[in-house]
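Asker: Please find model29.cif (mmCIF, C-alpha atoms) on the next line:
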```cif
data_entry
#
loop_
_atom_site.group_PDB
_atom_site.id
_atom_site.type_symbol
_atom_site.label_atom_id
_atom_site.label_comp_id
_atom_site.auth_asym_id
_atom_site.auth_seq_id
_atom_site.Cartn_x
_atom_site.Cartn_y
_atom_site.Cartn_z
ATOM 1 C CA MET A 1 90.435 116.945 98.242
ATOM 2 C CA LEU A 2 91.242 113.312 98.779
ATOM 3 C CA THR A 3 94.787 112.352 99.748
ATOM 4 C CA ILE A 4 96.271 108.876 99.809
ATOM 5 C CA HIS A 5 99.039 108.320 102.365
ATOM 6 C CA ALA A 6 101.121 105.317 101.331
ATOM 7 C CA ALA A 7 103.931 103.469 103.093
ATOM 8 C CA ASP A 8 105.936 100.262 102.866
ATOM 9 C CA GLU A 9 103.546 98.817 105.423
ATOM 10 C CA VAL A 10 100.214 99.893 106.945
ATOM 11 C CA ARG A 11 99.016 98.660 110.330
ATOM 12 C CA CYS A 12 95.386 99.256 111.273
ATOM 13 C CA GLY A 13 96.509 98.901 114.901
ATOM 14 C CA TRP A 14 100.114 98.902 116.125
ATOM 15 C CA ASP A 15 99.721 95.332 117.366
ATOM 16 C CA ASP A 16 98.132 94.245 114.068
ATOM 17 C CA PRO A 17 99.598 90.797 113.236
ATOM 18 C CA GLU A 18 98.851 91.156 109.515
ATOM 19 C CA PRO A 19 100.001 94.532 108.188
ATOM 20 C CA VAL A 20 99.167 95.575 104.630
ATOM 21 C CA LYS A 21 102.354 95.511 102.536
ATOM 22 C CA ASP A 22 102.631 98.457 100.127
ATOM 23 C CA GLY A 23 99.606 99.783 101.955
ATOM 24 C CA ALA A 24 97.801 103.075 101.948
ATOM 25 C CA VAL A 25 95.116 105.083 103.691
ATOM 26 C CA ALA A 26 92.779 107.330 101.713
ATOM 27 C CA VAL A 27 91.835 110.466 103.631
ATOM 28 C CA GLU A 28 88.940 112.734 102.710
ATOM 29 C CA GLY A 29 88.497 115.764 104.929
ATOM 30 C CA VAL A 30 88.809 114.647 108.548
ATOM 31 C CA ARG A 31 87.830 111.016 107.857
ATOM 32 C CA ILE A 32 89.429 107.844 106.560
ATOM 33 C CA ALA A 33 87.796 106.931 103.255
ATOM 34 C CA ALA A 34 89.511 103.541 102.879
ATOM 35 C CA VAL A 35 92.467 101.382 103.873
ATOM 36 C CA GLY A 36 94.103 98.919 101.472
ATOM 37 C CA THR A 37 96.989 98.461 99.129
ATOM 38 C CA LEU A 38 98.271 101.490 97.263
ATOM 39 C CA ALA A 39 97.283 99.896 93.947
ATOM 40 C CA GLU A 40 93.698 99.327 95.153
ATOM 41 C CA LEU A 41 93.283 102.865 96.445
ATOM 42 C CA VAL A 42 94.814 104.545 93.380
ATOM 43 C CA GLU A 43 92.415 102.553 91.201
ATOM 44 C CA ARG A 44 89.463 103.455 93.439
ATOM 45 C CA PHE A 45 90.440 107.141 93.775
ATOM 46 C CA PRO A 46 92.356 108.017 90.559
ATOM 47 C CA ALA A 47 92.216 111.805 91.119
ATOM 48 C CA ALA A 48 93.668 111.631 94.642
ATOM 49 C CA ARG A 49 96.950 113.199 95.629
ATOM 50 C CA VAL A 50 99.412 110.485 96.711
ATOM 51 C CA ARG A 51 101.950 111.052 99.494
ATOM 52 C CA ARG A 52 104.533 108.287 99.835
ATOM 53 C CA TRP A 53 106.281 107.780 103.146
ATOM 54 C CA PRO A 54 109.167 105.509 104.099
ATOM 55 C CA GLY A 55 108.483 103.265 107.074
ATOM 56 C CA VAL A 56 105.288 102.049 108.701
ATOM 57 C CA LEU A 57 101.991 103.937 108.694
ATOM 58 C CA GLY A 58 99.494 103.331 111.476
ATOM 59 C CA PRO A 59 97.129 105.059 113.861
ATOM 60 C CA ALA A 60 98.389 108.182 115.582
ATOM 61 C CA ARG A 61 99.447 107.747 119.187
ATOM 62 C CA VAL A 62 97.987 108.868 122.500
ATOM 63 C CA HIS A 63 100.593 110.815 124.496
ATOM 64 C CA GLU A 64 100.142 109.362 127.975
ATOM 65 C CA GLY A 65 102.695 111.321 130.005
ATOM 66 C CA PRO A 66 103.382 114.957 130.808
ATOM 67 C CA LEU A 67 103.631 117.167 127.743
ATOM 68 C CA PRO A 68 107.162 118.049 126.634
ATOM 69 C CA ASP A 69 108.591 121.279 128.032
ATOM 70 C CA ALA A 70 108.391 124.266 125.708
ATOM 71 C CA PRO A 71 108.030 128.028 126.123
ATOM 72 C CA THR A 72 104.320 128.216 125.177
ATOM 73 C CA PRO A 73 101.276 125.922 125.310
ATOM 74 C CA ARG A 74 101.128 125.918 121.502
ATOM 75 C CA GLU A 75 104.719 124.724 121.284
ATOM 76 C CA ARG A 76 104.061 122.026 123.892
ATOM 77 C CA ILE A 77 101.137 120.713 121.817
ATOM 78 C CA HIS A 78 103.232 120.872 118.640
ATOM 79 C CA ALA A 79 105.955 118.850 120.385
ATOM 80 C CA VAL A 80 103.366 116.114 120.997
ATOM 81 C CA LEU A 81 102.359 116.166 117.314
ATOM 82 C CA LYS A 82 106.019 115.729 116.362
ATOM 83 C CA LEU A 83 105.997 112.495 118.392
ATOM 84 C CA GLY A 84 103.150 111.076 116.288
ATOM 85 C CA ALA A 85 100.451 111.694 118.920
ATOM 86 C CA VAL A 86 97.146 113.479 118.314
ATOM 87 C CA ALA A 87 95.641 112.879 121.748
ATOM 88 C CA VAL A 88 96.793 113.712 125.268
ATOM 89 C CA LEU A 89 95.491 112.757 128.678
ATOM 90 C CA GLU A 90 93.411 115.334 130.538
ATOM 91 C CA GLU A 91 95.551 114.978 133.666
ATOM 92 C CA HIS A 92 98.506 116.389 131.702
ATOM 93 C CA ALA A 93 96.632 119.011 129.670
ATOM 94 C CA GLY A 94 94.167 120.412 132.197
ATOM 95 C CA ALA A 95 95.567 123.949 132.267
ATOM 96 C CA PRO A 96 93.353 126.355 130.281
ATOM 97 C CA GLY A 97 96.193 127.421 127.948
ATOM 98 C CA LEU A 98 97.058 123.823 127.110
ATOM 99 C CA ARG A 99 93.423 122.854 126.527
ATOM 100 C CA ALA A 100 92.922 125.844 124.252
ATOM 101 C CA ALA A 101 96.086 125.044 122.289
ATOM 102 C CA ALA A 102 95.000 121.409 121.960
ATOM 103 C CA GLU A 103 91.548 122.448 120.723
ATOM 104 C CA ARG A 104 92.965 124.901 118.166
ATOM 105 C CA ASN A 105 95.154 122.113 116.766
ATOM 106 C CA ASP A 106 92.470 119.364 116.794
ATOM 107 C CA VAL A 107 94.402 117.425 119.450
ATOM 108 C CA VAL A 108 91.979 115.328 121.492
ATOM 109 C CA VAL A 109 92.059 115.579 125.296
ATOM 110 C CA LEU A 110 91.072 112.210 126.790
ATOM 111 C CA ASP A 111 90.035 111.381 130.332
ATOM 112 C CA ARG A 112 91.800 108.006 129.980
ATOM 113 C CA SER A 113 93.971 106.260 127.433
ATOM 114 C CA ARG A 114 92.228 104.368 124.639
ATOM 115 C CA PRO A 115 93.472 102.044 121.928
ATOM 116 C CA THR A 116 93.772 103.595 118.493
ATOM 117 C CA ALA A 117 93.005 102.023 115.125
ATOM 118 C CA LEU A 118 92.530 102.900 111.463
ATOM 119 C CA VAL A 119 88.926 102.273 110.469
ATOM 120 C CA ASP A 120 86.818 103.368 107.519
ATOM 121 C CA LEU A 121 85.019 106.633 108.330
ATOM 122 C CA GLY A 122 87.058 107.009 111.521
ATOM 123 C CA ARG A 123 88.853 110.250 112.229
ATOM 124 C CA ALA A 124 91.967 110.487 110.033
ATOM 125 C CA ASP A 125 94.682 110.423 112.707
ATOM 126 C CA LEU A 126 97.822 108.788 111.312
ATOM 127 C CA ALA A 127 101.476 108.435 112.227
ATOM 128 C CA VAL A 128 104.350 107.241 110.067
ATOM 129 C CA LEU A 129 107.257 105.743 111.999
ATOM 130 C CA ASP A 130 110.753 104.809 110.906
ATOM 131 C CA ASP A 131 112.468 101.516 111.805
ATOM 132 C CA GLY A 132 113.533 102.908 115.178
ATOM 133 C CA GLY A 133 110.013 104.074 116.081
ATOM 134 C CA ALA A 134 110.697 107.782 115.521
ATOM 135 C CA CYS A 135 107.921 109.803 113.925
ATOM 136 C CA ILE A 136 108.368 110.747 110.267
ATOM 137 C CA ALA A 137 104.923 112.297 109.774
ATOM 138 C CA THR A 138 101.733 113.010 111.708
ATOM 139 C CA VAL A 139 98.263 113.539 110.253
ATOM 140 C CA CYS A 140 95.759 115.024 112.715
ATOM 141 C CA ALA A 141 92.090 115.104 111.710
ATOM 142 C CA GLY A 142 93.101 114.785 108.064
ATOM 143 C CA ARG A 143 95.751 117.535 108.090
ATOM 144 C CA LEU A 144 99.460 116.876 107.742
ATOM 145 C CA VAL A 145 100.720 118.654 110.869
ATOM 146 C CA HIS A 146 104.267 117.312 111.079
ATOM 147 C CA ARG A 147 106.815 115.853 108.707
ATOM 148 C CA ARG A 148 110.449 115.212 109.381
ATOM 149 C CA ARG A 149 112.706 116.630 106.733
#
```
Step by step, read the file and then write its structure as structure tokens.

Answerer:
Amino acid sequence: MLTIHAADEVRCGWDDPEPVKDGAVAVEGVRIAAVGTLAELVERFPAARVRRWPGVLGPARVHEGPLPDAPTPRERIHAVLKLGAVAVLEEHAGAPGLRAAAERNDVVVLDRSRPTALVDLGRADLAVLDDGGACIATVCAGRLVHRRR
């Protein structure tokens, strides 16, 4: 099933100087099928489900610090997803329980921080942020794993 995530603005990278107004990202499975305007993607993929989000859509974040406190490893990983991150640094997720929870949730454990970007055929890791930078929604490997109500 193909899903189009649309927002007021799409940034292929958070420092992207030319965001796509009324932009969208088409997601098929775990991959990005296309990035463009909502009109372009709806025309290209007419049978797709469309999710509209307020705010700015861009690549999901890398959580670079210690994981938030929570009672269980699963809840600690979910707390990271709620921040718009789908990757954590190995130095903060080295414990076996945390690594297992990350793996079960498709959260990537990195040995060092890396820039993130939205690219065709790249892994579908997206974050939607409001004007204050708070996470509205997180898509991890093509799955909507968090949405603020």

Asker: Could you list, as an mmCIF file with C-alpha atoms, in the coordinates of the input, every residue within 10 Å of A:Arg149, counting only C-alpha atoms and ignoring same-chain residues fewer than 3 positions away?

Answerer:
```
data_model
loop_
_atom_site.group_PDB
_atom_site.id
_atom_site.type_symbol
_atom_site.label_atom_id
_atom_site.label_comp_id
_atom_site.auth_asym_id
_atom_site.auth_seq_id
_atom_site.Cartn_x
_atom_site.Cartn_y
_atom_site.Cartn_z
ATOM 1 C CA ILE A 136 108.368 110.747 110.267
ATOM 2 C CA ALA A 137 104.923 112.297 109.774
ATOM 3 C CA HIS A 146 104.267 117.312 111.079
#
```

Asker: With all atoms listed in the file as the counted atoms, please give the residues lying no more than 8 Å from A:Arg51, apart from itself and same-chain residues fewer than 6 positions off, as a PyMOL selection string.

Answerer: chain A and resi 3-6

Asker: Would you pick out the contacts of A:Gly23 at 8 Å or less, using only C-alpha atoms, so that residues sharing its chain but fewer than 2 positions from it are not included, and give the list as a PyMOL selection string?

Answerer: chain A and resi 6-10+20-21+25+35-38

Asker: Just the residues within 10 Å of A:Arg114, please, counting only C-alpha atoms, with nothing from its chain fewer than 6 positions along; format it as a ChimeraX atom specification.

Answerer: /A:61-62,64,87,89

Asker: Output C-alpha atoms for every residue in that selection, as a compact mmCIF listing (two decimals), keeping the file's coordinate frame.

Answerer:
```txt
# COMPACT_ATOMS: atom_id res chain seq x y z
CA ARG A 61 99.45 107.75 119.19
CA VAL A 62 97.99 108.87 122.50
CA GLU A 64 100.14 109.36 127.98
CA ALA A 87 95.64 112.88 121.75
CA LEU A 89 95.49 112.76 128.68
```

Asker: Suppose a student applies the PyMOL selection byres ((chain A and resi 69-79) around 9) to this structure; what residues should they get, written as a list in words?

Answerer: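 Selected by the PyMOL selection byres ((chain A and resi 69-79) around 9) here: Pro66, Leu67, Pro68, Val80, Leu81, Lys82, Leu83, Val86, Val88, Gly97, Leu98, Arg99, Ala100, Ala101, Ala102, Arg104, Asn105, Val107, Val145 and His146 of chain A.
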
Asker: Would it be fine to have stretch 47-58 of chain A, with all heavy atoms, given as a PDB file, in the first residue's frame?

Answerer:
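Full text of out.pdb as output:
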```pdb
ATOM      1  N   ALA A  47      -4.114   6.093  -6.526  1.00  0.00           N
ATOM      2  CA  ALA A  47      -4.747   5.156  -5.587  1.00  0.00           C
ATOM      3  C   ALA A  47      -4.156   5.239  -4.181  1.00  0.00           C
ATOM      4  O   ALA A  47      -4.607   4.531  -3.279  1.00  0.00           O
ATOM      5  CB  ALA A  47      -4.612   3.733  -6.117  1.00  0.00           C
ATOM      6  N   ALA A  48      -3.185   6.106  -3.975  1.00  0.00           N
ATOM      7  CA  ALA A  48      -2.505   6.182  -2.677  1.00  0.00           C
ATOM      8  C   ALA A  48      -3.390   6.780  -1.598  1.00  0.00           C
ATOM      9  O   ALA A  48      -4.237   7.641  -1.870  1.00  0.00           O
ATOM     10  CB  ALA A  48      -1.236   7.023  -2.802  1.00  0.00           C
ATOM     11  N   ARG A  49      -3.166   6.327  -0.388  1.00  0.00           N
ATOM     12  CA  ARG A  49      -3.791   6.952   0.781  1.00  0.00           C
ATOM     13  C   ARG A  49      -3.026   8.240   1.072  1.00  0.00           C
ATOM     14  O   ARG A  49      -1.788   8.248   1.028  1.00  0.00           O
ATOM     15  CB  ARG A  49      -3.679   6.017   1.977  1.00  0.00           C
ATOM     16  CG  ARG A  49      -4.198   6.620   3.244  1.00  0.00           C
ATOM     17  CD  ARG A  49      -4.001   5.685   4.406  1.00  0.00           C
ATOM     18  NE  ARG A  49      -4.614   6.281   5.576  1.00  0.00           N
ATOM     19  CZ  ARG A  49      -4.607   5.750   6.763  1.00  0.00           C
ATOM     20  NH1 ARG A  49      -4.014   4.587   6.949  1.00  0.00           N
ATOM     21  NH2 ARG A  49      -5.173   6.356   7.773  1.00  0.00           N
ATOM     22  N   VAL A  50      -3.737   9.323   1.365  1.00  0.00           N
ATOM     23  CA  VAL A  50      -3.081  10.605   1.646  1.00  0.00           C
ATOM     24  C   VAL A  50      -3.288  10.952   3.113  1.00  0.00           C
ATOM     25  O   VAL A  50      -4.417  10.975   3.599  1.00  0.00           O
ATOM     26  CB  VAL A  50      -3.639  11.740   0.747  1.00  0.00           C
ATOM     27  CG1 VAL A  50      -2.999  13.064   1.112  1.00  0.00           C
ATOM     28  CG2 VAL A  50      -3.396  11.411  -0.723  1.00  0.00           C
ATOM     29  N   ARG A  51      -2.177  11.209   3.803  1.00  0.00           N
ATOM     30  CA  ARG A  51      -2.208  11.711   5.185  1.00  0.00           C
ATOM     31  C   ARG A  51      -1.715  13.147   5.145  1.00  0.00           C
ATOM     32  O   ARG A  51      -0.621  13.401   4.662  1.00  0.00           O
ATOM     33  CB  ARG A  51      -1.290  10.904   6.093  1.00  0.00           C
ATOM     34  CG  ARG A  51      -1.784   9.537   6.433  1.00  0.00           C
ATOM     35  CD  ARG A  51      -0.847   8.936   7.476  1.00  0.00           C
ATOM     36  NE  ARG A  51      -1.248   7.622   7.874  1.00  0.00           N
ATOM     37  CZ  ARG A  51      -2.030   7.349   8.921  1.00  0.00           C
ATOM     38  NH1 ARG A  51      -2.493   8.328   9.659  1.00  0.00           N
ATOM     39  NH2 ARG A  51      -2.342   6.123   9.225  1.00  0.00           N
ATOM     40  N   ARG A  52      -2.514  14.064   5.645  1.00  0.00           N
ATOM     41  CA  ARG A  52      -2.136  15.478   5.667  1.00  0.00           C
ATOM     42  C   ARG A  52      -1.738  15.856   7.087  1.00  0.00           C
ATOM     43  O   ARG A  52      -2.452  15.555   8.031  1.00  0.00           O
ATOM     44  CB  ARG A  52      -3.289  16.350   5.197  1.00  0.00           C
ATOM     45  CG  ARG A  52      -3.659  16.093   3.753  1.00  0.00           C
ATOM     46  CD  ARG A  52      -4.868  16.948   3.359  1.00  0.00           C
ATOM     47  NE  ARG A  52      -5.406  16.503   2.100  1.00  0.00           N
ATOM     48  CZ  ARG A  52      -5.052  17.006   0.924  1.00  0.00           C
ATOM     49  NH1 ARG A  52      -4.172  17.968   0.863  1.00  0.00           N
ATOM     50  NH2 ARG A  52      -5.582  16.548  -0.183  1.00  0.00           N
ATOM     51  N   TRP A  53      -0.608  16.536   7.184  1.00  0.00           N
ATOM     52  CA  TRP A  53      -0.083  16.949   8.478  1.00  0.00           C
ATOM     53  C   TRP A  53       0.105  18.466   8.498  1.00  0.00           C
ATOM     54  O   TRP A  53       0.554  19.035   7.509  1.00  0.00           O
ATOM     55  CB  TRP A  53       1.284  16.297   8.740  1.00  0.00           C
ATOM     56  CG  TRP A  53       1.272  14.814   8.677  1.00  0.00           C
ATOM     57  CD1 TRP A  53       1.739  14.023   7.670  1.00  0.00           C
ATOM     58  CD2 TRP A  53       0.776  13.911   9.666  1.00  0.00           C
ATOM     59  NE1 TRP A  53       1.564  12.705   7.968  1.00  0.00           N
ATOM     60  CE2 TRP A  53       0.976  12.603   9.195  1.00  0.00           C
ATOM     61  CE3 TRP A  53       0.181  14.097  10.911  1.00  0.00           C
ATOM     62  CZ2 TRP A  53       0.605  11.483   9.925  1.00  0.00           C
ATOM     63  CZ3 TRP A  53      -0.197  12.973  11.638  1.00  0.00           C
ATOM     64  CH2 TRP A  53       0.023  11.682  11.142  1.00  0.00           C
ATOM     65  N   PRO A  54      -0.180  19.093   9.632  1.00  0.00           N
ATOM     66  CA  PRO A  54       0.167  20.511   9.759  1.00  0.00           C
ATOM     67  C   PRO A  54       1.660  20.612  10.033  1.00  0.00           C
ATOM     68  O   PRO A  54       2.261  19.685  10.580  1.00  0.00           O
ATOM     69  CB  PRO A  54      -0.641  20.957  10.983  1.00  0.00           C
ATOM     70  CG  PRO A  54      -0.759  19.715  11.813  1.00  0.00           C
ATOM     71  CD  PRO A  54      -0.838  18.569  10.826  1.00  0.00           C
ATOM     72  N   GLY A  55       2.287  21.676   9.623  1.00  0.00           N
ATOM     73  CA  GLY A  55       3.700  21.866   9.954  1.00  0.00           C
ATOM     74  C   GLY A  55       4.649  21.538   8.822  1.00  0.00           C
ATOM     75  O   GLY A  55       4.289  21.618   7.644  1.00  0.00           O
ATOM     76  N   VAL A  56       5.849  21.126   9.210  1.00  0.00           N
ATOM     77  CA  VAL A  56       6.936  20.870   8.260  1.00  0.00           C
ATOM     78  C   VAL A  56       7.327  19.400   8.325  1.00  0.00           C
ATOM     79  O   VAL A  56       7.578  18.866   9.405  1.00  0.00           O
ATOM     80  CB  VAL A  56       8.167  21.747   8.587  1.00  0.00           C
ATOM     81  CG1 VAL A  56       9.288  21.485   7.602  1.00  0.00           C
ATOM     82  CG2 VAL A  56       7.792  23.220   8.582  1.00  0.00           C
ATOM     83  N   LEU A  57       7.385  18.767   7.171  1.00  0.00           N
ATOM     84  CA  LEU A  57       7.780  17.359   7.081  1.00  0.00           C
ATOM     85  C   LEU A  57       9.221  17.301   6.587  1.00  0.00           C
ATOM     86  O   LEU A  57       9.588  18.015   5.655  1.00  0.00           O
ATOM     87  CB  LEU A  57       6.848  16.642   6.108  1.00  0.00           C
ATOM     88  CG  LEU A  57       6.970  15.142   5.994  1.00  0.00           C
ATOM     89  CD1 LEU A  57       5.638  14.552   5.582  1.00  0.00           C
ATOM     90  CD2 LEU A  57       8.032  14.734   5.001  1.00  0.00           C
ATOM     91  N   GLY A  58      10.017  16.468   7.221  1.00  0.00           N
ATOM     92  CA  GLY A  58      11.409  16.308   6.814  1.00  0.00           C
ATOM     93  C   GLY A  58      11.933  14.967   7.263  1.00  0.00           C
ATOM     94  O   GLY A  58      11.173  14.102   7.717  1.00  0.00           O
TER      95      GLY A  58
END
```
